[in-house]
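Undergrad: Pasting run25.txt below, which is compact mmCIF, C-alpha atoms and all ligand atoms.
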# COMPACT_ATOMS: atom_id res chain seq x y z
CA MET A 133 30.47 -119.44 -231.60
CA THR A 134 26.73 -119.41 -232.15
CA ILE A 135 23.72 -121.66 -232.64
CA GLU A 136 23.53 -122.41 -236.36
CA ILE A 137 21.01 -125.24 -236.89
CA VAL A 138 17.96 -126.27 -234.83
CA ASP A 139 16.19 -129.51 -235.80
CA VAL A 140 13.16 -131.22 -234.25
CA ASN A 141 13.27 -135.01 -234.59
CA ILE A 142 10.10 -137.09 -234.13
CA THR A 143 10.49 -140.85 -234.06
CA SER A 144 8.45 -143.79 -232.77
CA PRO A 145 10.51 -146.92 -231.97
CA GLY A 146 7.62 -148.57 -230.13
CA ARG A 147 6.49 -145.24 -228.65
CA ASN A 148 6.74 -141.59 -229.73
CA PHE A 149 9.73 -139.41 -228.86
CA VAL A 150 10.51 -135.79 -229.70
CA THR A 151 14.16 -134.72 -229.65
CA LEU A 152 15.64 -131.27 -230.22
CA LYS A 153 19.02 -131.23 -231.97
CA ILE A 154 21.05 -128.01 -231.82
CA THR A 155 24.23 -127.64 -233.90
CA THR A 156 26.71 -124.80 -233.31
CA SER A 157 28.73 -122.91 -235.92
CA ASP A 158 31.66 -125.14 -234.90
CA GLY A 159 29.62 -128.28 -235.59
CA ILE A 160 29.08 -129.28 -231.96
CA VAL A 161 25.74 -131.07 -231.46
CA GLY A 162 23.52 -130.94 -228.38
CA LEU A 163 20.39 -133.04 -227.78
CA GLY A 164 17.32 -132.27 -225.68
CA ASP A 165 14.29 -134.44 -224.87
CA ALA A 166 10.94 -132.80 -225.66
CA THR A 167 8.65 -135.80 -225.23
CA LEU A 168 5.23 -135.18 -223.65
CA ASN A 169 3.26 -138.43 -223.69
CA GLY A 170 0.12 -138.05 -225.81
CA ARG A 171 0.88 -134.41 -226.78
CA GLU A 172 4.18 -134.90 -228.61
CA LEU A 173 3.17 -132.91 -231.71
CA ALA A 174 2.18 -129.90 -229.58
CA VAL A 175 5.71 -129.62 -228.21
CA ALA A 176 7.25 -130.33 -231.63
CA SER A 177 5.20 -127.47 -233.09
CA TYR A 178 6.06 -125.13 -230.20
CA LEU A 179 9.73 -125.76 -230.96
CA SER A 180 9.53 -125.76 -234.77
CA ASP A 181 7.06 -122.90 -235.18
CA HIS A 182 7.96 -120.59 -232.30
CA VAL A 183 11.40 -121.32 -230.83
CA ALA A 184 13.84 -122.65 -233.45
CA SER A 185 14.19 -119.46 -235.51
CA MET A 186 14.75 -117.25 -232.45
CA LEU A 187 17.67 -119.45 -231.35
CA ILE A 188 19.64 -119.09 -234.58
CA GLY A 189 22.64 -116.80 -234.04
CA ARG A 190 22.41 -116.87 -230.21
CA ASP A 191 25.54 -117.60 -228.18
CA GLU A 192 25.14 -121.25 -227.17
CA ASP A 193 27.09 -120.62 -223.95
CA ARG A 194 24.46 -118.24 -222.53
CA ILE A 195 22.27 -120.99 -221.06
CA GLU A 196 20.68 -119.00 -218.22
CA ASP A 197 19.94 -116.04 -220.49
CA THR A 198 18.38 -118.33 -223.10
CA TRP A 199 16.27 -119.99 -220.41
CA GLN A 200 14.98 -116.64 -219.14
CA TYR A 201 14.46 -115.43 -222.73
CA LEU A 202 12.27 -118.48 -223.53
CA TYR A 203 10.42 -118.38 -220.19
CA ARG A 204 9.68 -114.63 -219.92
CA GLY A 205 9.78 -113.74 -223.59
CA PRO A 206 6.51 -115.37 -224.77
CA TYR A 207 4.54 -113.57 -221.98
CA TRP A 208 2.39 -116.68 -221.38
CA ARG A 209 3.83 -118.72 -218.52
CA ARG A 210 4.43 -122.33 -217.63
CA GLY A 211 2.40 -125.38 -218.65
CA PRO A 212 3.63 -128.82 -219.79
CA VAL A 213 4.06 -127.92 -223.48
CA THR A 214 6.00 -124.70 -222.92
CA MET A 215 8.21 -126.16 -220.19
CA ALA A 216 8.98 -129.30 -222.20
CA ALA A 217 10.08 -127.10 -225.09
CA ILE A 218 12.26 -124.97 -222.82
CA ALA A 219 13.64 -128.14 -221.23
CA ALA A 220 14.72 -129.50 -224.61
CA VAL A 221 16.62 -126.30 -225.48
CA ASP A 222 18.20 -126.22 -222.02
CA MET A 223 19.32 -129.86 -222.12
CA ALA A 224 20.82 -129.41 -225.59
CA LEU A 225 22.80 -126.32 -224.50
CA TRP A 226 24.14 -128.09 -221.40
CA ASP A 227 25.07 -131.07 -223.63
CA ILE A 228 27.03 -128.68 -225.88
CA LYS A 229 28.69 -126.86 -222.98
CA ALA A 230 29.91 -130.11 -221.41
CA LYS A 231 31.15 -131.38 -224.78
CA LYS A 232 33.09 -128.14 -225.28
CA ALA A 233 34.57 -128.62 -221.78
CA GLY A 234 35.44 -132.22 -222.68
CA MET A 235 33.68 -133.65 -219.61
CA PRO A 236 30.48 -135.52 -218.66
CA LEU A 237 27.74 -133.10 -217.63
CA TYR A 238 27.75 -134.16 -213.95
CA GLN A 239 31.27 -132.71 -213.64
CA LEU A 240 29.92 -129.28 -214.63
CA LEU A 241 27.15 -129.66 -212.01
CA GLY A 242 29.68 -130.02 -209.18
CA GLY A 243 31.10 -133.48 -209.76
CA ALA A 244 29.95 -136.82 -208.38
CA SER A 245 28.46 -136.91 -204.87
CA ARG A 246 28.06 -140.72 -205.05
CA GLU A 247 29.44 -143.71 -206.93
CA GLY A 248 26.16 -144.61 -208.60
CA VAL A 249 22.45 -143.78 -208.76
CA ARG A 250 20.09 -146.16 -206.94
CA VAL A 251 17.17 -146.91 -209.27
CA TYR A 252 13.79 -148.56 -208.85
CA ALA A 253 12.11 -150.85 -211.37
CA HIS A 254 8.42 -151.25 -212.18
CA ALA A 255 7.19 -154.61 -210.86
CA SER A 256 3.58 -155.33 -211.69
CA GLY A 257 1.17 -158.19 -212.20
CA THR A 258 -2.50 -158.75 -212.81
CA ASP A 259 -2.61 -160.77 -209.56
CA TYR A 260 -0.29 -161.37 -206.62
CA ALA A 261 1.38 -164.44 -208.19
CA ALA A 262 2.37 -162.41 -211.27
CA LEU A 263 3.49 -159.48 -209.10
CA LYS A 264 5.60 -161.80 -206.90
CA ASN A 265 7.18 -163.25 -210.05
CA ALA A 266 8.08 -159.76 -211.29
CA ILE A 267 9.57 -158.69 -207.94
CA THR A 268 11.62 -161.91 -207.81
CA GLY A 269 12.82 -161.25 -211.37
CA TYR A 270 13.98 -157.74 -210.55
CA GLU A 271 15.71 -158.86 -207.33
CA GLU A 272 17.57 -161.47 -209.40
CA LEU A 273 18.67 -158.64 -211.74
CA GLY A 274 20.13 -156.84 -208.72
CA TYR A 275 17.51 -154.16 -208.08
CA THR A 276 17.18 -153.05 -204.45
CA ALA A 277 13.96 -151.08 -205.00
CA VAL A 278 10.76 -151.84 -206.90
CA ARG A 279 7.55 -150.00 -207.53
CA VAL A 280 4.65 -152.42 -207.10
CA GLN A 281 1.35 -152.14 -208.96
CA THR A 282 -1.20 -154.95 -209.21
CA GLY A 283 -4.66 -155.72 -210.48
CA VAL A 284 -7.64 -154.99 -208.23
CA PRO A 285 -10.44 -157.57 -207.88
CA GLY A 286 -13.51 -156.61 -209.88
CA LEU A 287 -11.56 -154.35 -212.26
CA GLY A 288 -10.06 -155.12 -215.70
CA GLN A 289 -6.89 -153.55 -217.10
CA ILE A 290 -5.80 -150.77 -214.77
CA TYR A 291 -2.94 -148.30 -214.58
CA GLY A 292 0.59 -149.57 -214.35
CA VAL A 293 -0.09 -153.30 -214.66
CA SER A 294 1.68 -155.28 -217.36
CA ASN A 295 -0.13 -158.15 -218.99
CA ALA A 296 3.20 -159.75 -219.92
CA GLY A 297 3.35 -163.31 -218.70
CA PRO A 298 5.98 -164.73 -216.31
CA GLY A 299 9.55 -164.72 -217.54
CA VAL A 300 9.18 -161.82 -219.97
CA ARG A 301 10.09 -158.16 -219.39
CA TYR A 302 7.70 -156.79 -216.86
CA ASP A 303 7.34 -153.30 -218.23
CA TYR A 304 4.42 -151.84 -220.14
CA GLU A 305 3.72 -148.86 -222.37
CA PRO A 306 0.84 -146.75 -220.96
CA ALA A 307 0.10 -144.84 -224.18
CA LYS A 308 -2.12 -146.85 -226.54
CA ARG A 309 -2.16 -146.53 -230.34
CA SER A 310 -5.95 -146.40 -230.32
CA GLY A 311 -6.67 -144.07 -233.24
CA ASP A 312 -8.30 -140.68 -232.63
CA ARG A 313 -9.74 -141.54 -229.24
CA PRO A 314 -7.95 -142.66 -226.07
CA SER A 315 -8.70 -146.15 -224.77
CA GLU A 316 -10.77 -146.27 -221.57
CA GLU A 317 -10.22 -148.05 -218.27
CA THR A 318 -12.50 -148.45 -215.24
CA TRP A 319 -11.69 -147.82 -211.62
CA ASP A 320 -13.12 -148.25 -208.15
CA THR A 321 -11.25 -146.64 -205.27
CA ARG A 322 -13.08 -148.62 -202.58
CA ASN A 323 -11.98 -151.96 -204.06
CA TYR A 324 -8.43 -150.58 -204.30
CA LEU A 325 -8.33 -149.27 -200.70
CA THR A 326 -9.60 -152.63 -199.44
CA HIS A 327 -7.26 -154.76 -201.55
CA MET A 328 -3.86 -153.09 -201.46
CA PRO A 329 -2.83 -153.22 -197.75
CA GLY A 330 -2.98 -157.06 -197.94
CA VAL A 331 -0.73 -156.99 -200.99
CA PHE A 332 1.94 -154.97 -199.16
CA SER A 333 1.64 -157.26 -196.13
CA GLN A 334 2.20 -160.31 -198.35
CA ILE A 335 5.19 -158.65 -200.08
CA ARG A 336 6.85 -157.94 -196.73
CA GLU A 337 6.17 -161.57 -195.67
CA ASP A 338 7.66 -162.94 -198.93
CA PHE A 339 10.55 -160.49 -199.45
CA GLY A 340 11.46 -159.25 -195.97
CA THR A 341 12.19 -155.72 -194.81
CA ASP A 342 15.29 -154.69 -196.82
CA LEU A 343 13.60 -154.36 -200.22
CA ARG A 344 12.53 -150.76 -200.88
CA ILE A 345 8.86 -150.84 -201.93
CA LEU A 346 7.30 -147.91 -203.78
CA HIS A 347 3.70 -147.53 -204.91
CA ASP A 348 1.95 -145.10 -207.22
CA GLY A 349 -1.58 -144.00 -206.31
CA HIS A 350 -1.64 -142.15 -209.64
CA HIS A 351 -3.75 -139.16 -208.53
CA ARG A 352 -6.86 -141.24 -207.74
CA MET A 353 -7.73 -140.77 -204.11
CA SER A 354 -9.61 -137.98 -202.33
CA PRO A 355 -7.74 -136.36 -199.44
CA ILE A 356 -9.52 -138.44 -196.79
CA GLU A 357 -9.10 -141.66 -198.85
CA ALA A 358 -5.40 -140.90 -199.18
CA ALA A 359 -5.12 -140.21 -195.44
CA ARG A 360 -6.79 -143.57 -194.66
CA PHE A 361 -4.66 -145.43 -197.21
CA ALA A 362 -1.37 -143.89 -196.06
CA LYS A 363 -2.29 -144.82 -192.47
CA ASP A 364 -3.33 -148.39 -193.40
CA ILE A 365 -0.05 -149.09 -195.23
CA GLU A 366 2.22 -147.44 -192.64
CA PRO A 367 3.20 -150.85 -191.08
CA TYR A 368 4.64 -152.01 -194.44
CA ASP A 369 7.32 -149.31 -194.48
CA LEU A 370 7.02 -148.06 -198.06
CA PHE A 371 9.88 -146.04 -199.46
CA TRP A 372 7.17 -143.73 -200.82
CA LEU A 373 3.50 -143.47 -201.73
CA GLU A 374 3.33 -141.50 -204.95
CA ASP A 375 0.60 -139.19 -206.25
CA CYS A 376 -1.87 -140.23 -203.56
CA THR A 377 -4.08 -137.27 -204.54
CA PRO A 378 -4.21 -134.93 -207.58
CA GLY A 379 -1.06 -132.95 -206.79
CA GLU A 380 -2.26 -129.53 -207.88
CA ASP A 381 -4.47 -129.46 -204.76
CA GLN A 382 -1.35 -128.92 -202.69
CA THR A 383 -3.01 -128.34 -199.30
CA ALA A 384 -4.78 -131.74 -199.55
CA LEU A 385 -1.52 -133.29 -198.36
CA ARG A 386 -1.91 -131.54 -194.98
CA LEU A 387 -4.68 -134.05 -194.16
CA VAL A 388 -2.55 -137.02 -195.24
CA ARG A 389 0.38 -135.78 -193.14
CA GLN A 390 -1.89 -135.53 -190.08
CA HIS A 391 -2.63 -139.27 -190.26
CA SER A 392 0.49 -141.00 -191.48
CA THR A 393 4.27 -141.03 -191.62
CA THR A 394 4.27 -142.94 -194.93
CA PRO A 395 6.71 -140.90 -197.11
CA LEU A 396 5.01 -139.01 -199.94
CA ALA A 397 6.19 -138.28 -203.48
CA ILE A 398 4.44 -135.88 -205.85
CA GLY A 399 5.13 -133.92 -208.99
CA GLU A 400 5.50 -135.85 -212.24
CA VAL A 401 2.70 -133.78 -213.79
CA PHE A 402 4.16 -130.52 -212.45
CA ASN A 403 6.27 -128.27 -214.66
CA SER A 404 7.40 -125.44 -212.41
CA VAL A 405 8.77 -124.75 -208.95
CA PHE A 406 5.57 -122.79 -208.24
CA ASP A 407 3.57 -126.04 -208.41
CA TYR A 408 5.58 -127.16 -205.38
CA GLN A 409 5.75 -123.98 -203.31
CA THR A 410 3.31 -125.04 -200.55
CA LEU A 411 4.30 -128.72 -200.73
CA ILE A 412 7.97 -127.86 -200.13
CA THR A 413 7.71 -124.96 -197.68
CA GLU A 414 5.21 -126.90 -195.50
CA ARG A 415 7.17 -130.17 -195.88
CA LEU A 416 4.06 -131.91 -197.23
CA ILE A 417 6.17 -134.17 -199.45
CA ASP A 418 9.41 -136.10 -199.04
CA TYR A 419 10.38 -136.52 -202.72
CA VAL A 420 10.21 -134.29 -205.80
CA ARG A 421 8.93 -136.34 -208.72
CA SER A 422 9.30 -134.05 -211.72
CA ALA A 423 11.13 -135.12 -214.86
CA VAL A 424 13.90 -132.89 -216.23
CA THR A 425 12.05 -133.10 -219.56
CA HIS A 426 8.81 -131.61 -218.18
CA THR A 427 10.15 -128.99 -215.78
CA GLY A 428 12.22 -126.61 -217.89
CA GLY A 429 15.39 -128.70 -218.11
CA ILE A 430 18.58 -128.98 -216.10
CA THR A 431 18.73 -125.27 -215.22
CA ALA A 432 15.22 -125.31 -213.69
CA MET A 433 15.47 -128.77 -212.12
CA LYS A 434 18.72 -127.93 -210.31
CA LYS A 435 17.12 -124.80 -208.83
CA LEU A 436 14.01 -126.77 -207.81
CA LEU A 437 16.06 -129.51 -206.13
CA ASP A 438 18.28 -126.96 -204.36
CA PHE A 439 15.09 -125.28 -203.03
CA ALA A 440 13.77 -128.67 -201.87
CA ALA A 441 17.10 -129.46 -200.16
CA ILE A 442 16.61 -126.52 -197.76
CA TYR A 443 13.51 -128.34 -196.41
CA GLY A 444 15.09 -131.78 -196.23
CA ILE A 445 13.25 -132.98 -199.33
CA LYS A 446 14.99 -135.28 -201.80
CA SER A 447 14.88 -136.07 -205.50
CA GLY A 448 12.82 -138.86 -207.03
CA ILE A 449 13.11 -137.89 -210.69
CA HIS A 450 10.48 -139.32 -213.06
CA GLY A 451 11.94 -141.87 -215.46
CA PRO A 452 9.31 -143.96 -217.32
CA THR A 453 9.75 -145.08 -220.92
CA ASP A 454 7.98 -141.91 -222.10
CA ILE A 455 11.02 -139.95 -220.98
CA SER A 456 13.55 -140.53 -223.76
CA PRO A 457 17.10 -141.81 -223.13
CA VAL A 458 18.22 -138.17 -223.54
CA GLY A 459 15.90 -137.05 -220.75
CA MET A 460 16.98 -140.05 -218.67
CA ALA A 461 20.64 -139.14 -219.15
CA ALA A 462 19.94 -135.57 -217.98
CA ALA A 463 18.30 -137.00 -214.86
CA LEU A 464 21.24 -139.32 -214.16
CA HIS A 465 23.81 -136.52 -214.40
CA LEU A 466 21.78 -134.45 -211.92
CA ASP A 467 21.23 -137.52 -209.69
CA LEU A 468 24.99 -138.12 -209.53
CA ALA A 469 25.86 -134.54 -208.65
CA ILE A 470 23.23 -133.20 -206.23
CA HIS A 471 23.52 -133.84 -202.48
CA ASN A 472 19.79 -134.40 -201.79
CA PHE A 473 19.42 -137.40 -204.08
CA GLY A 474 16.61 -139.81 -203.14
CA ILE A 475 16.09 -142.41 -205.84
CA GLN A 476 15.72 -142.58 -209.63
CA GLU A 477 12.89 -144.26 -211.54
CA TYR A 478 14.19 -146.53 -214.29
CA MET A 479 12.03 -148.27 -216.87
CA PRO A 480 14.60 -149.65 -219.36
CA HIS A 481 13.80 -148.64 -222.94
CA ASN A 482 13.23 -151.35 -225.55
CA GLU A 483 15.88 -152.50 -228.03
CA GLN A 484 14.39 -150.46 -230.91
CA THR A 485 14.65 -147.27 -228.83
CA LEU A 486 18.24 -148.03 -227.85
CA GLU A 487 19.10 -148.44 -231.56
CA VAL A 488 17.84 -144.90 -232.13
CA PHE A 489 19.39 -143.42 -228.96
CA GLN A 490 22.83 -144.80 -228.07
CA THR A 491 23.46 -144.25 -224.36
CA SER A 492 26.53 -144.83 -222.19
CA PHE A 493 24.56 -145.91 -219.09
CA THR A 494 25.94 -148.76 -216.99
CA PHE A 495 23.85 -150.80 -214.52
CA ASP A 496 25.44 -152.62 -211.59
CA LYS A 497 23.64 -154.26 -208.63
CA GLY A 498 20.69 -151.87 -208.68
CA PHE A 499 22.71 -148.71 -209.40
CA LEU A 500 22.91 -146.82 -212.70
CA HIS A 501 25.68 -144.50 -213.93
CA PRO A 502 25.37 -142.09 -216.91
CA GLY A 503 28.91 -142.83 -218.10
CA ASP A 504 31.84 -140.46 -218.65
CA LYS A 505 31.44 -139.48 -222.29
CA PRO A 506 31.55 -135.69 -222.74
CA GLY A 507 28.13 -134.05 -222.49
CA LEU A 508 24.96 -136.04 -221.73
CA GLY A 509 26.58 -139.07 -223.34
CA VAL A 510 23.72 -139.91 -225.72
CA ASP A 511 23.89 -140.06 -229.53
CA LEU A 512 20.89 -139.93 -231.87
CA ASP A 513 20.99 -142.19 -234.94
CA GLU A 514 18.81 -140.17 -237.31
CA ASP A 515 18.76 -142.91 -239.95
CA ALA A 516 17.41 -145.39 -237.39
CA ALA A 517 14.99 -142.72 -236.12
CA ALA A 518 13.67 -142.18 -239.66
CA GLY A 519 12.63 -145.81 -239.77
CA HIS A 520 10.01 -145.30 -237.05
CA GLU A 521 7.19 -143.00 -238.16
CA TYR A 522 5.18 -141.04 -235.59
CA THR A 523 1.96 -142.85 -234.65
CA LYS A 524 -0.72 -141.10 -232.64
CA ALA A 525 -0.99 -142.64 -229.17
CA TYR A 526 -2.89 -141.47 -226.13
CA LEU A 527 -2.90 -142.25 -222.45
CA PRO A 528 -6.14 -143.97 -221.39
CA VAL A 529 -9.12 -142.11 -219.96
CA ASN A 530 -10.33 -143.49 -216.65
CA ARG A 531 -13.93 -143.84 -215.55
CA LEU A 532 -15.52 -144.97 -212.30
CA LEU A 533 -17.85 -147.96 -212.47
CA ASP A 534 -20.81 -145.58 -212.89
CA GLY A 535 -19.13 -143.93 -215.89
CA THR A 536 -17.90 -140.77 -214.16
CA VAL A 537 -14.57 -139.58 -215.59
CA HIS A 538 -11.84 -140.02 -212.99
CA ASP A 539 -8.09 -139.33 -212.81
CA TRP A 540 -6.19 -141.98 -214.70
C1 LIG A 601 3.94 -143.14 -213.83
C2 LIG A 601 4.16 -142.84 -215.27
O1 LIG A 601 6.21 -143.69 -213.83
C3 LIG A 601 5.27 -143.26 -213.14
O2 LIG A 601 5.35 -142.91 -211.97
O3 LIG A 601 3.12 -142.24 -213.16
O4 LIG A 601 4.42 -144.05 -215.91
C4 LIG A 601 3.02 -142.18 -215.99
O5 LIG A 601 1.88 -143.01 -215.95
C5 LIG A 601 3.44 -141.93 -217.41
O6 LIG A 601 4.64 -141.21 -217.41
C6 LIG A 601 2.40 -141.17 -218.17
O7 LIG A 601 2.89 -140.89 -219.47
MG MG A 602 3.77 -141.82 -211.24
Translate the structure described by the file into structure tokens.
Ligand code: CS2
Ligand code: MG

TA:
Amino acid sequence: MTIEIVDVNITSPGRNFVTLKITTSDGIVGLGDATLNGRELAVASYLSDHVASMLIGRDEDRIEDTWQYLYRGPYWRRGPVTMAAIAAVDMALWDIKAKKAGMPLYQLLGGASREGVRVYAHASGTDYAALKNAITGYEELGYTAVRVQTGVPGLGQIYGVSNAGPGVRYDYEPAKRSGDRPSEETWDTRNYLTHMPGVFSQIREDFGTDLRILHDGHHRMSPIEAARFAKDIEPYDLFWLEDCTPGEDQTALRLVRQHSTTPLAIGEVFNSVFDYQTLITERLIDYVRSAVTHTGGITAMKKLLDFAAIYGIKSGIHGPTDISPVGMAAALHLDLAIHNFGIQEYMPHNEQTLEVFQTSFTFDKGFLHPGDKPGLGVDLDEDAAAGHEYTKAYLPVNRLLDGTVHDW
């Protein structure tokens, strides 16, 4: 059998998603997530204009060869657009292979190493009262781990904080439909460094020591600021401090490690194992944060996580709402199968999205399972998808109080 049809689907049920659909000569369909928040059309074009035609007629079973063909063939290497496109093809071919085998993908990856996948939710609030309300809400839903983000005195809307009032879903969509220019937010690291340790102290006082607390620094601190912050929050026993510095400066983490045992997670903006080489071989991180969608797919992610396992480093796969349910399913199948699983991020998609993408996920007491349908276990309703037209949306640009552009 061979690859016969390659379609790129763009839909926007509340936010933009790009999905690759591959159909074999026997009519078997595979799906791959190609969503890159804010640059969706770049990946869609890479697939439509440069990849689709070269896949037609290829043997769909030759997943590794196709991966190498798409990685080495174009000559130009790596980058978020290229690796998201390769990831989509790879996910779709694994989806097809598992469907042909009549089993859920995790079985092809070595079978289940655990009964379920522990997930963490995004708890946020503009102030501590709203944050406490969100944490309480997620604990009542059965979550055992929450990421906590809160407003910082003196600053307006900042990263990761939902403005939803008490009693509503606590999530948020970071990409804003703001026309041709991104929205802008302001930031002050000093206010943040001063404010946050008290927030973690209050959370431990209100929720005790069992709850796994995660926090995302979102690339904003300098190495010495990150070292001070990781040291200051050490008493509050975080499960991880994420993206404390811009991750591409890999050796910056040496300074943080010298001052703190707070576990570190990095990598959601990475797209290749080479982005991690120093971080992993020097044990500068504890969790690998990449998304399957942004790192070349299941083939590449499994190799990356096996490399990390040699150094005692675990998975913490990226799973915000800008990873589609297809990309989330790929993560869950890997999470279930690998030995060095850490935790899985889970921002539940909205109802509109779940009408477009039908998943077989089940949630029970803080653990998620991808289900046992053959393949990834996700179906794409193209009629429902057609009802949600692409709308340009960008992630905000961040500026310091003096106007200097800063990491968002
Ligand atoms: C965040 C993401 O989930 C996270 O850890 O860093 O929500 C990130 O802001 C978005 O994926 C950007 O599109
Ligand atoms: Mg993050």

Undergrad: What lies within 9 Å of range 327-341 of chain A using all atoms listed in the file, ignoring chain neighbours under 3 positions off, as a VMD selection string?

TA: chain A and resid 260 264 267 to 268 280 282 284 to 285 322 to 324 344 to 345 361 364 to 365 367 to 370

Undergrad: Grab me every residue within 10 Å of ligand MG 602 (chain A), counting only C-alpha atoms and all ligand atoms, and send it over as a list in words.

TA: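 Counting only what the definition allows, namely only C-alpha atoms and all ligand atoms, the set is Arg279, Tyr291, Gly292, His347, Asp348, Gly349, His350, His351, Leu373, Glu374, Asp375, Cys376, Ala397, Ile398, Gly399, Glu400, Val401, Arg421, Ser422, His450, Gly451, Pro452 and Glu477 of chain A.
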
Undergrad: For CA of Leu512 in chain A and CA of Asn403 in chain A, determine how far apart the two atoms are, in Å to one decimal place.

TA: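 Computing the Euclidean distance for CA of Leu512 in chain A and CA of Asn403 in chain A yields 25.4 Å.
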
Undergrad: So what do you get for CA of Ala219 in chain A versus CA of Pro236 in chain A, distance-wise?

TA: 18.6 Å

Undergrad: Could the centre and edge lengths of an axis-aligned box, enclosing all atoms of ligand LIG 601 (chain A) in the file with 4 Å extra on each side, be given in Å to one decimal as JSON?

TA:
{"center_x": 4.0, "center_y": -142.5, "center_z": -215.7, "size_x": 12.3, "size_y": 11.2, "size_z": 15.5}

Undergrad: If we count only C-alpha atoms and set the cut-off at 12 Å, which residues sit around Met235 in chain A, ignoring sequence neighbours fewer than 5 positions away in its own chain? Please answer as a PDB file with C-alpha atoms, in the coordinates of the input.

TA:
ATOM      1  CA  TRP A 226      24.140-128.090-221.400  1.00  0.00           C
ATOM      2  CA  ASP A 227      25.070-131.070-223.630  1.00  0.00           C
ATOM      3  CA  ILE A 228      27.030-128.680-225.880  1.00  0.00           C
ATOM      4  CA  LYS A 229      28.690-126.860-222.980  1.00  0.00           C
ATOM      5  CA  ALA A 230      29.910-130.110-221.410  1.00  0.00           C
ATOM      6  CA  LEU A 240      29.920-129.280-214.630  1.00  0.00           C
ATOM      7  CA  LEU A 241      27.150-129.660-212.010  1.00  0.00           C
ATOM      8  CA  GLY A 242      29.680-130.020-209.180  1.00  0.00           C
ATOM      9  CA  GLY A 243      31.100-133.480-209.760  1.00  0.00           C
ATOM     10  CA  HIS A 465      23.810-136.520-214.400  1.00  0.00           C
ATOM     11  CA  GLY A 503      28.910-142.830-218.100  1.00  0.00           C
ATOM     12  CA  ASP A 504      31.840-140.460-218.650  1.00  0.00           C
ATOM     13  CA  LYS A 505      31.440-139.480-222.290  1.00  0.00           C
ATOM     14  CA  PRO A 506      31.550-135.690-222.740  1.00  0.00           C
ATOM     15  CA  GLY A 507      28.130-134.050-222.490  1.00  0.00           C
ATOM     16  CA  LEU A 508      24.960-136.040-221.730  1.00  0.00           C
ATOM     17  CA  GLY A 509      26.580-139.070-223.340  1.00  0.00           C
TER      18      GLY A 509
END

Undergrad: Which residue gives the smallest distance to ligand LIG 601 (chain A) among A:Ser157, A:Gln476, A:Thr151, A:Thr326, with only C-alpha atoms and all ligand atoms counted?

TA: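 Smallest separation from ligand LIG 601 (chain A) among the options: A:Gln476.
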
Undergrad: For Ser177 in chain A, work out the shell of residues within 12 Å, counting all atoms listed in the file and skipping chain neighbours fewer than 3 positions away, then give it as a list of chain:residue names.

TA: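 So the residues in contact are A:Asp139, A:Val140, A:Asn141, A:Ile142, A:Val150, A:Leu152, A:Ala166, A:Thr167, A:Arg171, A:Glu172, A:Leu173, A:Ala174, A:Ser180, A:Asp181, A:His182, A:Val183, A:Ala184, A:Val213, A:Thr214, A:Ala216, A:Ala217.
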
Undergrad: Hey, which of A:Phe149, A:Phe371, A:Tyr203, A:Phe406 ends up closest to Asp165 in chain A? Count all atoms listed in the file.

TA: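 Looking at the shortest contact to Asp165 in chain A, the residue is A:Phe149.
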
Undergrad: Write out as a list in words which residues come within 9 Å of range 534-536 of chain A when counting only C-alpha atoms, dropping same-chain ones fewer than 3 positions away.

TA: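 The filter keeps Thr318, Asn530 and Arg531 of chain A.
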
Undergrad: Using all atoms listed in the file, find the one residue out of A:His520, A:Arg352, A:His391, A:Arg250 that sits nearest to ligand LIG 601 (chain A).

TA: A:Arg352

Undergrad: Just the residues within 10 Å of range 189-201 of chain A, please, counting only C-alpha atoms, with nothing from its chain fewer than 5 positions along; format it as a list in words.

TA: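 Selected residues are Met133, Thr134, Ile135, Glu136, Ile137, Ile154, Thr155, Thr156, Ser157, Gly162, Pro206, Ile218, Ala219, Val221, Asp222, Met223, Ala224, Leu225, Trp226, Ile228, Lys229, Lys232, Gly428, Gly429, Thr431 and Ala432 of chain A.
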
Undergrad: Keeping only C-alpha atoms, write those residues as a JSON list (two decimals), keeping the file's coordinate frame.

TA:
[["chain", "number", "residue", "atom", "x", "y", "z"],
["A", 133, "MET", "CA", 30.47, -119.44, -231.60],
["A", 134, "THR", "CA", 26.73, -119.41, -232.15],
["A", 135, "ILE", "CA", 23.72, -121.66, -232.64],
["A", 136, "GLU", "CA", 23.53, -122.41, -236.36],
["A", 137, "ILE", "CA", 21.01, -125.24, -236.89],
["A", 154, "ILE", "CA", 21.05, -128.01, -231.82],
["A", 155, "THR", "CA", 24.23, -127.64, -233.90],
["A", 156, "THR", "CA", 26.71, -124.80, -233.31],
["A", 157, "SER", "CA", 28.73, -122.91, -235.92],
["A", 162, "GLY", "CA", 23.52, -130.94, -228.38],
["A", 206, "PRO", "CA", 6.51, -115.37, -224.77],
["A", 218, "ILE", "CA", 12.26, -124.97, -222.82],
["A", 219, "ALA", "CA", 13.64, -128.14, -221.23],
["A", 221, "VAL", "CA", 16.62, -126.30, -225.48],
["A", 222, "ASP", "CA", 18.20, -126.22, -222.02],
["A", 223, "MET", "CA", 19.32, -129.86, -222.12],
["A", 224, "ALA", "CA", 20.82, -129.41, -225.59],
["A", 225, "LEU", "CA", 22.80, -126.32, -224.50],
["A", 226, "TRP", "CA", 24.14, -128.09, -221.40],
["A", 228, "ILE", "CA", 27.03, -128.68, -225.88],
["A", 229, "LYS", "CA", 28.69, -126.86, -222.98],
["A", 232, "LYS", "CA", 33.09, -128.14, -225.28],
["A", 428, "GLY", "CA", 12.22, -126.61, -217.89],
["A", 429, "GLY", "CA", 15.39, -128.70, -218.11],
["A", 431, "THR", "CA", 18.73, -125.27, -215.22],
["A", 432, "ALA", "CA", 15.22, -125.31, -213.69]]
